[in-house]
file input-v2.tsv (TSV, C-alpha atoms (C1' of nucleotides))
chain	number	residue	atom	x	y	z
N	1	MET	CA	101.93	-65.81	61.31
N	2	PRO	CA	104.90	-63.53	60.89
N	3	LYS	CA	108.34	-65.05	60.14
N	4	LYS	CA	110.89	-62.67	58.65
N	5	ARG	CA	111.80	-59.40	60.22
N	6	ILE	CA	109.07	-57.01	59.19
N	7	LEU	CA	108.55	-54.92	62.33
N	8	PRO	CA	111.08	-52.23	61.32
N	9	TYR	CA	109.24	-51.68	58.04
N	10	VAL	CA	105.93	-51.42	59.85
N	11	LEU	CA	107.43	-48.78	62.14
N	12	LEU	CA	108.91	-46.91	59.18
N	13	GLY	CA	105.56	-47.02	57.39
N	14	LEU	CA	103.65	-45.79	60.42
N	15	ILE	CA	106.02	-42.94	61.22
N	16	ASN	CA	106.17	-42.02	57.55
N	17	ASN	CA	102.39	-41.82	57.26
N	18	LYS	CA	101.64	-40.09	60.56
N	19	GLY	CA	104.72	-37.89	60.90
N	20	LYS	CA	106.56	-37.68	64.24
N	21	LEU	CA	105.55	-40.48	66.61
N	22	SER	CA	106.69	-41.60	70.06
N	23	GLY	CA	107.10	-45.23	71.04
N	24	TYR	CA	104.02	-44.91	73.17
N	25	GLN	CA	101.96	-43.48	70.32
N	26	ILE	CA	103.05	-46.34	68.09
N	27	SER	CA	101.98	-48.90	70.67
N	28	GLN	CA	98.60	-47.10	70.75
N	29	GLU	CA	98.41	-47.23	66.95
N	30	PHE	CA	98.49	-51.01	67.21
N	31	LYS	CA	95.32	-50.82	69.26
N	32	ASN	CA	93.61	-48.97	66.41
N	33	GLU	CA	93.64	-48.98	62.61
N	34	VAL	CA	96.83	-50.84	61.79
N	35	GLY	CA	96.14	-53.20	64.69
N	36	ASP	CA	93.69	-55.00	62.41
N	37	PHE	CA	96.64	-56.07	60.27
N	38	TRP	CA	99.69	-56.16	62.53
N	39	HIS	CA	100.62	-56.03	66.20
N	40	ALA	CA	103.70	-55.38	68.32
N	41	SER	CA	104.11	-54.83	72.06
N	42	HIS	CA	105.92	-51.89	73.61
N	43	SER	CA	108.77	-54.12	74.80
N	44	GLN	CA	109.51	-54.78	71.15
N	45	ILE	CA	108.85	-51.27	69.86
N	46	TYR	CA	111.20	-49.28	72.11
N	47	PRO	CA	114.39	-51.27	71.46
N	48	GLU	CA	113.53	-51.49	67.76
N	49	LEU	CA	113.19	-47.72	67.50
N	50	ALA	CA	116.57	-47.32	69.22
N	51	ARG	CA	118.16	-49.78	66.77
N	52	MET	CA	116.62	-48.00	63.80
N	53	LYS	CA	117.94	-44.69	65.08
N	54	ASP	CA	121.42	-46.27	65.41
N	55	ASP	CA	121.10	-47.46	61.82
N	56	GLY	CA	120.20	-43.95	60.67
N	57	TRP	CA	116.65	-44.82	59.57
N	58	LEU	CA	115.12	-42.50	62.16
N	59	ILE	CA	116.04	-39.34	64.06
N	60	ASP	CA	114.73	-38.63	67.52
N	61	GLU	CA	113.70	-35.50	69.28
N	62	ASP	CA	112.87	-35.19	72.99
N	63	VAL	CA	109.79	-33.17	73.86
N	64	ASP	CA	108.53	-33.16	77.43
N	65	LYS	CA	108.84	-36.73	78.69
N	66	SER	CA	108.46	-38.29	75.27
N	67	THR	CA	110.88	-39.15	72.49
N	68	PHE	CA	109.49	-38.54	69.02
N	69	TYR	CA	110.88	-40.23	65.94
N	70	SER	CA	110.89	-39.10	62.32
N	71	VAL	CA	111.99	-40.96	59.18
N	72	THR	CA	115.34	-39.88	57.70
N	73	ALA	CA	116.18	-39.81	53.98
N	74	GLU	CA	117.89	-43.16	54.48
N	75	GLY	CA	114.75	-44.44	56.20
N	76	HIS	CA	112.61	-43.34	53.27
N	77	LYS	CA	114.90	-45.24	50.92
N	78	ILE	CA	114.65	-48.40	53.03
N	79	LEU	CA	110.86	-48.12	53.21
N	80	ARG	CA	110.51	-47.51	49.47
N	81	ASN	CA	112.71	-50.54	48.74
N	82	TRP	CA	110.63	-52.74	51.01
N	83	MET	CA	107.39	-51.54	49.46
N	84	GLN	CA	108.79	-52.43	46.03
N	85	GLU	CA	110.09	-55.86	47.01
N	86	PRO	CA	108.16	-58.66	45.28
N	87	LEU	CA	105.31	-60.08	47.35
N	88	THR	CA	105.38	-63.66	48.55
N	89	ASP	CA	102.48	-65.94	49.43
N	90	ASN	CA	101.69	-63.95	52.55
N	91	GLU	CA	98.46	-61.99	52.72
N	92	GLU	CA	99.55	-60.13	55.83
N	93	ILE	CA	102.36	-58.34	54.00
N	94	PHE	CA	100.07	-57.50	51.12
N	95	SER	CA	97.59	-55.97	53.58
N	96	LEU	CA	100.30	-54.01	55.36
N	97	LYS	CA	101.83	-52.62	52.20
N	98	LEU	CA	98.41	-51.66	50.93
N	99	TYR	CA	97.70	-49.99	54.26
N	100	PHE	CA	100.76	-47.78	53.80
N	101	ILE	CA	99.66	-46.50	50.39
N	102	LYS	CA	97.99	-43.15	50.87
N	103	ASP	CA	97.23	-42.08	47.33
N	104	GLN	CA	95.00	-43.78	44.79
N	105	THR	CA	97.30	-42.62	41.98
N	106	ASP	CA	100.44	-44.20	43.47
N	107	PRO	CA	101.71	-46.58	40.76
N	108	LEU	CA	102.71	-49.03	43.50
N	109	LEU	CA	99.03	-49.60	44.23
N	110	ASN	CA	98.28	-51.24	40.91
N	111	ASN	CA	101.59	-53.08	41.06
N	112	LEU	CA	100.69	-54.60	44.43
N	113	LEU	CA	97.24	-55.63	43.26
N	114	GLN	CA	98.69	-57.24	40.15
N	115	GLN	CA	101.34	-59.14	42.10
N	116	GLU	CA	98.82	-60.37	44.64
N	117	LEU	CA	96.48	-61.43	41.84
N	118	GLU	CA	99.19	-63.61	40.32
N	119	LEU	CA	100.05	-65.15	43.69
N	120	ARG	CA	96.42	-65.89	44.49
N	121	GLN	CA	95.89	-67.46	41.09
N	122	GLU	CA	98.90	-69.71	41.65
N	123	LYS	CA	97.56	-70.71	45.04
N	124	TYR	CA	94.12	-71.34	43.58
N	125	ASP	CA	95.56	-73.65	40.92
N	126	TYR	CA	97.61	-75.45	43.55
N	127	LEU	CA	94.61	-76.02	45.83
N	128	LYS	CA	92.46	-77.15	42.89
N	129	GLY	CA	95.17	-79.68	41.99
N	130	ARG	CA	95.27	-80.86	45.61
N	131	LEU	CA	91.52	-81.41	45.62
N	132	GLU	CA	91.62	-83.52	42.47
N	133	GLU	CA	94.68	-85.42	43.66
N	134	VAL	CA	93.43	-86.29	47.13
N	135	PHE	CA	89.68	-86.61	46.73
N	136	THR	CA	89.35	-88.97	43.81
N	137	ASP	CA	86.22	-90.76	44.98
N	138	ASP	CA	83.25	-90.22	47.25
N	139	ALA	CA	84.47	-92.67	49.88
N	140	THR	CA	87.59	-90.56	50.44
N	141	ILE	CA	85.38	-87.51	50.95
N	142	GLN	CA	83.19	-89.35	53.45
N	143	ASN	CA	86.18	-90.66	55.41
N	144	ASN	CA	88.01	-87.31	55.52
N	145	TYR	CA	85.10	-84.97	55.58
N	146	GLY	CA	86.74	-82.18	57.59
N	147	HIS	CA	89.73	-82.12	55.30
N	148	TYR	CA	87.43	-82.02	52.30
N	149	LEU	CA	85.46	-79.13	53.78
N	150	ILE	CA	88.45	-77.02	54.67
N	151	LEU	CA	90.11	-77.59	51.31
N	152	THR	CA	87.00	-76.61	49.35
N	153	ARG	CA	86.64	-73.62	51.65
N	154	ALA	CA	90.23	-72.57	50.95
N	155	ILE	CA	89.48	-72.75	47.23
N	156	GLU	CA	86.33	-70.63	47.55
N	157	ARG	CA	88.32	-68.15	49.61
N	158	GLU	CA	90.90	-67.75	46.85
N	159	GLU	CA	88.13	-67.39	44.26
N	160	ASN	CA	86.59	-64.58	46.27
N	161	HIS	CA	89.94	-62.87	46.74
N	162	ILE	CA	90.80	-63.17	43.03
N	163	HIS	CA	87.42	-61.73	42.14
N	164	TRP	CA	88.05	-58.74	44.38
N	165	LEU	CA	91.59	-58.20	43.08
N	166	LYS	CA	90.34	-58.29	39.48
N	167	SER	CA	87.75	-55.64	40.30
N	168	LYS	CA	90.45	-53.31	41.66
N	169	VAL	CA	93.37	-53.90	39.31
N	170	ASN	CA	93.80	-51.96	36.07
R	1	MET	CA	100.23	-66.42	63.45
R	2	PRO	CA	100.66	-69.23	65.78
R	3	LYS	CA	101.13	-68.07	69.40
R	4	LYS	CA	100.09	-70.59	72.04
R	5	ARG	CA	101.43	-74.10	72.15
R	6	ILE	CA	99.43	-75.99	69.55
R	7	LEU	CA	102.05	-78.29	68.04
R	8	PRO	CA	101.39	-81.18	70.47
R	9	TYR	CA	97.70	-81.17	69.52
R	10	VAL	CA	98.57	-81.19	65.84
R	11	LEU	CA	100.81	-84.19	66.43
R	12	LEU	CA	98.11	-85.94	68.47
R	13	GLY	CA	95.57	-85.25	65.73
R	14	LEU	CA	97.83	-86.53	63.00
R	15	ILE	CA	98.85	-89.71	64.80
R	16	ASN	CA	95.26	-90.28	65.85
R	17	ASN	CA	93.99	-89.98	62.26
R	18	LYS	CA	96.74	-91.92	60.52
R	19	GLY	CA	97.57	-94.52	63.17
R	20	LYS	CA	101.20	-95.28	64.06
R	21	LEU	CA	103.58	-92.63	62.71
R	22	SER	CA	107.30	-92.01	63.00
R	23	GLY	CA	108.82	-88.56	63.45
R	24	TYR	CA	110.04	-88.73	59.90
R	25	GLN	CA	106.61	-89.62	58.54
R	26	ILE	CA	105.11	-86.71	60.44
R	27	SER	CA	107.64	-84.32	58.96
R	28	GLN	CA	106.63	-85.69	55.52
R	29	GLU	CA	102.96	-85.16	56.36
R	30	PHE	CA	103.71	-81.45	56.70
R	31	LYS	CA	104.85	-81.48	53.08
R	32	ASN	CA	101.44	-82.79	52.04
R	33	GLU	CA	97.81	-82.39	53.06
R	34	VAL	CA	98.05	-80.85	56.52
R	35	GLY	CA	100.97	-78.73	55.29
R	36	ASP	CA	98.39	-76.42	53.72
R	37	PHE	CA	97.20	-75.52	57.22
R	38	TRP	CA	100.16	-76.03	59.56
R	39	HIS	CA	103.89	-76.66	59.47
R	40	ALA	CA	106.62	-77.89	61.80
R	41	SER	CA	110.23	-78.85	61.14
R	42	HIS	CA	111.84	-82.12	62.22
R	43	SER	CA	113.96	-80.36	64.84
R	44	GLN	CA	110.73	-79.45	66.58
R	45	ILE	CA	108.91	-82.70	65.98
R	46	TYR	CA	111.39	-85.17	67.45
R	47	PRO	CA	111.84	-83.53	70.87
R	48	GLU	CA	108.09	-82.84	71.04
R	49	LEU	CA	107.27	-86.51	70.46
R	50	ALA	CA	109.73	-87.46	73.21
R	51	ARG	CA	108.11	-84.99	75.60
R	52	MET	CA	104.65	-86.27	74.75
R	53	LYS	CA	105.78	-89.83	75.39
R	54	ASP	CA	107.17	-88.71	78.78
R	55	ASP	CA	103.80	-87.15	79.53
R	56	GLY	CA	102.01	-90.39	78.66
R	57	TRP	CA	100.20	-88.99	75.62
R	58	LEU	CA	101.99	-91.35	73.26
R	59	ILE	CA	103.63	-94.76	73.36
R	60	ASP	CA	106.53	-95.63	71.12
R	61	GLU	CA	107.57	-98.80	69.38
R	62	ASP	CA	110.87	-99.37	67.58
R	63	VAL	CA	110.68	-101.07	64.21
R	64	ASP	CA	113.81	-101.28	62.05
R	65	LYS	CA	115.53	-97.93	62.35
R	66	SER	CA	112.35	-96.00	63.03
R	67	THR	CA	110.41	-95.16	66.17
R	68	PHE	CA	106.65	-95.26	65.69
R	69	TYR	CA	104.27	-93.46	67.98
R	70	SER	CA	100.64	-94.20	68.85
R	71	VAL	CA	98.15	-92.19	70.90
R	72	THR	CA	97.42	-93.53	74.40
R	73	ALA	CA	94.06	-93.35	76.20
R	74	GLU	CA	95.41	-90.28	78.01
R	75	GLY	CA	96.42	-88.80	74.64
R	76	HIS	CA	92.93	-89.35	73.27
R	77	LYS	CA	91.51	-87.53	76.25
R	78	ILE	CA	93.85	-84.58	75.76
R	79	LEU	CA	93.04	-84.41	72.05
R	80	ARG	CA	89.29	-84.59	72.64
R	81	ASN	CA	89.54	-81.81	75.22
R	82	TRP	CA	91.47	-79.60	72.83
R	83	MET	CA	89.00	-80.24	70.02
R	84	GLN	CA	86.19	-79.19	72.35
R	85	GLU	CA	87.88	-76.06	73.65
R	86	PRO	CA	86.08	-72.91	72.51
R	87	LEU	CA	87.50	-71.35	69.37
R	88	THR	CA	89.12	-67.94	69.43
R	89	ASP	CA	89.47	-65.42	66.61
R	90	ASN	CA	92.05	-67.59	64.86
R	91	GLU	CA	91.15	-69.14	61.53
R	92	GLU	CA	94.19	-71.42	61.59
R	93	ILE	CA	92.93	-73.35	64.60
R	94	PHE	CA	89.46	-73.61	63.09
R	95	SER	CA	91.00	-75.07	59.92
R	96	LEU	CA	93.17	-77.50	61.86
R	97	LYS	CA	90.35	-78.76	64.05
R	98	LEU	CA	88.14	-79.17	61.01
R	99	TYR	CA	90.96	-81.07	59.29
R	100	PHE	CA	91.02	-83.56	62.15
R	101	ILE	CA	87.33	-84.37	61.88
R	102	LYS	CA	86.95	-87.54	59.84
R	103	ASP	CA	83.24	-88.18	59.96
R	104	GLN	CA	80.44	-85.97	58.67
R	105	THR	CA	78.19	-87.15	61.52
R	106	ASP	CA	80.63	-86.10	64.27
R	107	PRO	CA	78.64	-83.65	66.43
R	108	LEU	CA	81.81	-81.62	66.88
R	109	LEU	CA	81.64	-80.66	63.20
R	110	ASN	CA	78.47	-78.64	63.53
R	111	ASN	CA	79.68	-77.26	66.83
R	112	LEU	CA	82.87	-75.94	65.21
R	113	LEU	CA	80.98	-74.41	62.29
R	114	GLN	CA	78.58	-72.70	64.67
R	115	GLN	CA	81.35	-71.32	66.86
R	116	GLU	CA	83.28	-70.04	63.87
R	117	LEU	CA	80.12	-68.45	62.48
R	118	GLU	CA	79.63	-66.49	65.68
R	119	LEU	CA	83.27	-65.38	65.75
R	120	ARG	CA	83.16	-64.30	62.11
R	121	GLN	CA	79.96	-62.37	62.66
R	122	GLU	CA	81.55	-60.54	65.59
R	123	LYS	CA	84.57	-59.72	63.49
R	124	TYR	CA	82.35	-58.57	60.65
R	125	ASP	CA	80.45	-56.22	62.94
R	126	TYR	CA	83.70	-54.91	64.37
R	127	LEU	CA	85.17	-54.19	60.94
R	128	LYS	CA	81.94	-52.56	59.77
R	129	GLY	CA	82.07	-50.31	62.83
R	130	ARG	CA	85.70	-49.48	62.05
R	131	LEU	CA	84.80	-48.47	58.50
R	132	GLU	CA	82.05	-46.12	59.65
R	133	GLU	CA	84.21	-44.72	62.43
R	134	VAL	CA	87.33	-44.02	60.38
R	135	PHE	CA	86.02	-43.20	56.91
R	136	THR	CA	83.41	-40.58	57.61
R	137	ASP	CA	83.95	-38.53	54.45
R	138	ASP	CA	85.27	-38.91	50.94
R	139	ALA	CA	88.42	-36.88	51.63
R	140	THR	CA	89.51	-39.39	54.28
R	141	ILE	CA	89.06	-42.19	51.76
R	142	GLN	CA	91.12	-40.33	49.15
R	143	ASN	CA	93.91	-39.57	51.61
R	144	ASN	CA	94.09	-43.11	53.04
R	145	TYR	CA	93.12	-45.08	50.00
R	146	GLY	CA	95.15	-48.21	50.78
R	147	HIS	CA	93.70	-48.42	54.25
R	148	TYR	CA	90.22	-47.98	52.82
R	149	LEU	CA	90.80	-50.72	50.28
R	150	ILE	CA	92.16	-53.26	52.73
R	151	LEU	CA	89.45	-52.58	55.27
R	152	THR	CA	86.66	-52.99	52.73
R	153	ARG	CA	88.42	-56.13	51.48
R	154	ALA	CA	88.55	-57.53	55.03
R	155	ILE	CA	84.82	-56.93	55.32
R	156	GLU	CA	84.06	-58.67	52.03
R	157	ARG	CA	86.26	-61.55	53.16
R	158	GLU	CA	84.22	-61.99	56.33
R	159	GLU	CA	80.99	-61.79	54.34
R	160	ASN	CA	82.19	-64.57	52.08
R	161	HIS	CA	83.30	-66.70	55.01
R	162	ILE	CA	80.02	-66.17	56.85
R	163	HIS	CA	78.10	-67.11	53.72
R	164	TRP	CA	80.06	-70.35	53.45
R	165	LEU	CA	79.67	-71.18	57.14
R	166	LYS	CA	75.91	-70.61	56.93
R	167	SER	CA	75.70	-73.01	53.99
R	168	LYS	CA	77.42	-75.75	56.01
R	169	VAL	CA	75.99	-75.29	59.48
R	170	ASN	CA	72.77	-76.95	60.60
A	1	DC	C1'	130.96	-93.58	43.85
A	2	DG	C1'	128.50	-89.39	44.39
A	3	DA	C1'	123.79	-87.79	45.16
A	4	DT	C1'	119.60	-88.28	47.24
A	5	DC	C1'	116.61	-90.14	50.58
A	6	DC	C1'	115.68	-92.24	55.18
A	7	DA	C1'	115.99	-91.24	60.00
A	8	DT	C1'	117.18	-88.88	64.14
A	9	DG	C1'	119.13	-85.80	66.96
A	10	DT	C1'	121.32	-81.16	69.16
A	11	DA	C1'	122.80	-76.16	69.17
A	12	DA	C1'	122.42	-71.54	67.98
A	13	DA	C1'	119.91	-67.80	66.55
A	14	DT	C1'	115.61	-65.20	65.81
A	15	DG	C1'	111.30	-63.03	66.86
A	16	DG	C1'	107.89	-62.54	69.90
A	17	DT	C1'	105.15	-62.45	74.46
A	18	DT	C1'	104.84	-61.97	79.34
A	19	DA	C1'	106.52	-60.37	83.41
A	20	DC	C1'	109.10	-57.18	86.10
A	21	DA	C1'	110.21	-52.42	87.09
A	22	DT	C1'	109.87	-47.40	87.66
A	23	DG	C1'	107.94	-42.87	88.01
A	24	DA	C1'	105.09	-39.00	86.59
A	25	DT	C1'	100.37	-37.25	85.64
A	26	DT	C1'	95.50	-37.35	85.47
A	27	DT	C1'	90.95	-38.72	86.91
A	28	DA	C1'	87.28	-40.55	89.86
C	1	DT	C1'	94.05	-41.14	97.66
C	2	DA	C1'	93.56	-44.97	94.86
C	3	DA	C1'	93.15	-46.24	90.13
C	4	DA	C1'	94.07	-45.43	85.52
C	5	DT	C1'	96.88	-43.59	81.95
C	6	DC	C1'	101.26	-41.81	80.11
C	7	DA	C1'	105.85	-43.24	79.11
C	8	DT	C1'	109.90	-46.04	78.90
C	9	DG	C1'	112.79	-49.62	79.69
C	10	DT	C1'	114.90	-54.64	80.78
C	11	DA	C1'	114.72	-59.69	81.76
C	12	DA	C1'	112.94	-64.14	81.28
C	13	DC	C1'	110.71	-67.24	78.74
C	14	DC	C1'	108.78	-69.60	74.66
C	15	DA	C1'	108.09	-71.26	69.93
C	16	DT	C1'	110.14	-71.67	65.72
C	17	DT	C1'	113.83	-71.68	62.14
C	18	DT	C1'	118.34	-72.57	60.53
C	19	DA	C1'	122.46	-74.74	60.97
C	20	DC	C1'	125.29	-78.45	62.46
C	21	DA	C1'	125.91	-83.37	62.83
C	22	DT	C1'	125.75	-88.41	61.98
C	23	DG	C1'	125.08	-92.73	59.59
C	24	DG	C1'	122.75	-96.15	56.80
C	25	DA	C1'	120.23	-97.27	52.35
C	26	DT	C1'	119.22	-96.65	47.71
C	27	DC	C1'	119.73	-95.09	43.08
C	28	DG	C1'	121.79	-93.44	38.90

call {"tool": "encode", "arguments": {"input": "input-v2.tsv", "output": "structure tokens"}}
result
Amino acid sequence: MPKKRILPYVLLGLINNKGKLSGYQISQEFKNEVGDFWHASHSQIYPELARMKDDGWLIDEDVDKSTFYSVTAEGHKILRNWMQEPLTDNEEIFSLKLYFIKDQTDPLLNNLLQQELELRQEKYDYLKGRLEEVFTDDATIQNNYGHYLILTRAIEREENHIHWLKSKVN
Amino acid sequence: MPKKRILPYVLLGLINNKGKLSGYQISQEFKNEVGDFWHASHSQIYPELARMKDDGWLIDEDVDKSTFYSVTAEGHKILRNWMQEPLTDNEEIFSLKLYFIKDQTDPLLNNLLQQELELRQEKYDYLKGRLEEVFTDDATIQNNYGHYLILTRAIEREENHIHWLKSKVN
DNA sequence: CGATCCATGTAAATGGTTACATGATTTA
DNA sequence: TAAATCATGTAACCATTTACATGGATCG
């Protein structure tokens, strides 16, 4: 799961895509659409929004009982920078960044696909090497069958992902 | 990622499969094989081993400068229980449990595959429903292209996984 | 003799979940 | 009128990472 601080970028991305959002609406968002790729609880969202406002990434506006947040120019800059940061071996971040791309013609789209393709190919080569290194004979397979299964599955998984990426990348 | 307390079970599984292990050896293990599916740092491993010894899951034995741990009868019971616990929608735990199965004839193997198959099928249906619910017309696809891509990718991913599971399950 | 590895430990910081808390509004 | 939903917040706890710390053994 989730290691480095990525919640603020998720919030920026959400508010940027949907326009003004309250903390409550964001917590609802995590129960829909984006919830398939990321989650945060309200006890994390509210203080984070306050911090981001302090940092000038968001401005707030009180309407009725709710506080609505919008992305500032500074916030847009931060979000754009994050979107352009090189991907690491972390499918979740790839999914999230992809989720935040609205337009098929956005040059970042192809960039992301290309980056992910390279990463997946590296991983594929690594796993293939592992398989050859560890499972040299049939006895080893028989005595570590679960490990063998899950490693060959991981390889097939990468193959499938690479195939998909190749079909989408230009 | 990783939410509930699963480290102790990983340690039990490792020590059970490899025999006596020291904290250091375990931390090295995470740089190999099992490191593809789980990781823990030494600062987590050492206190955890001590706690597990306190709880009677492990016994220790000092040789040279190292402390080696073995799984007790109680530890075996705990491990077996964990292995038999129903899976949740968490591929990591499926991978780990599979990794700990040594023998192709272990009835737990087929059980795990079957459970995972059901979970993946549920997830597949859910994602399919999501796709139909959210992307009702072409304009929605064009205006949320990244979301469309990643959702269709998630579906293909489940398809591929289900296909693999079906080929392994009896 | 300095670097790296073996081997173990604690402390501090980070990120996240769960629980506690409050109060207004809507719905059955 | 009780339950559910809207709406926001804090406190406590938990798992994990990073940093701090020590000391012996080996290797170049």

call {"tool": "interface_residues", "arguments": {"input": "input-v2.tsv", "of": "chain C", "to": "chain N", "cutoff": "10 Å", "atoms": "all atoms listed in the file", "output": "ChimeraX atom specification"}}
result
/C:6-10,16-17

call {"tool": "atom_distance", "arguments": {"input": "input-v2.tsv", "atom1": "atom CA of R:Asp60", "atom2": "atom CA of R:Glu48"}}
result
12.9 Å

call {"tool": "interface_residues", "arguments": {"input": "input-v2.tsv", "of": "chain A", "to": "chain N", "cutoff": "9 Å", "atoms": "only C-alpha atoms (C1' of nucleotides)", "output": "PDB file with C-alpha atoms (C1' of nucleotides), in the coordinates of the input"}}
result
ATOM      1  C1'  DT A  14     115.610 -65.200  65.810  1.00  0.00           C
ATOM      2  C1'  DG A  15     111.300 -63.030  66.860  1.00  0.00           C
ATOM      3  C1'  DG A  16     107.890 -62.540  69.900  1.00  0.00           C
ATOM      4  C1'  DT A  17     105.150 -62.450  74.460  1.00  0.00           C
TER       5       DT A  17
END

call {"tool": "interface_residues", "arguments": {"input": "input-v2.tsv", "of": "chain R", "to": "chain N", "cutoff": "7 Å", "atoms": "only C-alpha atoms", "output": "list in words"}}
result
Met1, Pro2, Ser95, Leu98, Tyr99, Phe100, Ile101, Lys102, Asp103, Gln104, Gln142, Asn143, Asn144, Tyr145, Gly146, His147 and Ile150 of chain R

call {"tool": "atom_distance", "arguments": {"input": "input-v2.tsv", "atom1": "atom CA of R:Lys77", "atom2": "atom CA of R:Leu113"}}
result
21.9 Å

call {"tool": "atom_distance", "arguments": {"input": "input-v2.tsv", "atom1": "atom C1' of A:DT25", "atom2": "atom CA of N:Ile26"}}
result
19.9 Å

call {"tool": "closest_residue", "arguments": {"input": "input-v2.tsv", "among": "R:His39, R:Lys18, R:Lys166, R:Arg80", "to": "R:Gln114", "atoms": "all atoms listed in the file"}}
result
R:Lys166

call {"tool": "closest_residue", "arguments": {"input": "input-v2.tsv", "among": "C:DC14, C:DC20, C:DC27, C:DA4", "to": "A:DT26", "atoms": "only C-alpha atoms (C1' of nucleotides)"}}
result
C:DA4

call {"tool": "residues_around", "arguments": {"input": "input-v2.tsv", "residues": "stretch 122-125 of chain R", "least_positions_apart": "2", "cutoff": "8 Å", "atoms": "only C-alpha atoms (C1' of nucleotides)", "output": "list in words"}}
result
Glu118, Leu119, Arg120, Leu127, Lys128, Gly129, Ile155, Glu158 and Glu159 of chain R

call {"tool": "build_atoms", "arguments": {"input": "input-v2.tsv", "residues": "stretch 109-121 of chain N", "atoms": "N, CA, C and O atoms", "output": "short mmCIF file (atom, residue, chain, number, x, y, z; two decimals), keeping the file's coordinate frame"}}
result
data_model
loop_
_atom_site.label_atom_id
_atom_site.label_comp_id
_atom_site.auth_asym_id
_atom_site.auth_seq_id
_atom_site.Cartn_x
_atom_site.Cartn_y
_atom_site.Cartn_z
N LEU N 109 100.32 -49.01 43.90
CA LEU N 109 99.03 -49.60 44.23
C LEU N 109 98.64 -50.68 43.22
O LEU N 109 98.37 -51.84 43.58
N ASN N 110 98.64 -50.29 41.95
CA ASN N 110 98.28 -51.24 40.91
C ASN N 110 99.26 -52.40 40.84
O ASN N 110 98.89 -53.56 40.63
N ASN N 111 100.52 -52.07 41.03
CA ASN N 111 101.59 -53.08 41.06
C ASN N 111 101.33 -54.13 42.12
O ASN N 111 101.42 -55.34 41.86
N LEU N 112 100.99 -53.68 43.32
CA LEU N 112 100.69 -54.60 44.43
C LEU N 112 99.50 -55.49 44.10
O LEU N 112 99.54 -56.71 44.30
N LEU N 113 98.45 -54.87 43.59
CA LEU N 113 97.24 -55.63 43.26
C LEU N 113 97.55 -56.69 42.21
O LEU N 113 97.10 -57.84 42.32
N GLN N 114 98.33 -56.31 41.22
CA GLN N 114 98.69 -57.24 40.15
C GLN N 114 99.51 -58.42 40.68
O GLN N 114 99.24 -59.58 40.37
N GLN N 115 100.51 -58.09 41.51
CA GLN N 115 101.34 -59.14 42.10
C GLN N 115 100.50 -60.11 42.92
O GLN N 115 100.65 -61.33 42.81
N GLU N 116 99.63 -59.54 43.76
CA GLU N 116 98.82 -60.37 44.64
C GLU N 116 97.88 -61.23 43.80
O GLU N 116 97.66 -62.41 44.11
N LEU N 117 97.36 -60.68 42.72
CA LEU N 117 96.48 -61.43 41.84
C LEU N 117 97.19 -62.67 41.29
O LEU N 117 96.63 -63.77 41.31
N GLU N 118 98.42 -62.47 40.85
CA GLU N 118 99.19 -63.61 40.32
C GLU N 118 99.41 -64.67 41.39
O GLU N 118 99.24 -65.87 41.14
N LEU N 119 99.80 -64.22 42.58
CA LEU N 119 100.05 -65.15 43.69
C LEU N 119 98.80 -65.93 44.04
O LEU N 119 98.85 -67.15 44.27
N ARG N 120 97.67 -65.22 44.11
CA ARG N 120 96.42 -65.89 44.49
C ARG N 120 96.00 -66.87 43.42
O ARG N 120 95.44 -67.93 43.73
N GLN N 121 96.25 -66.55 42.16
CA GLN N 121 95.89 -67.46 41.09
C GLN N 121 96.73 -68.74 41.15
O GLN N 121 96.21 -69.84 40.97
#
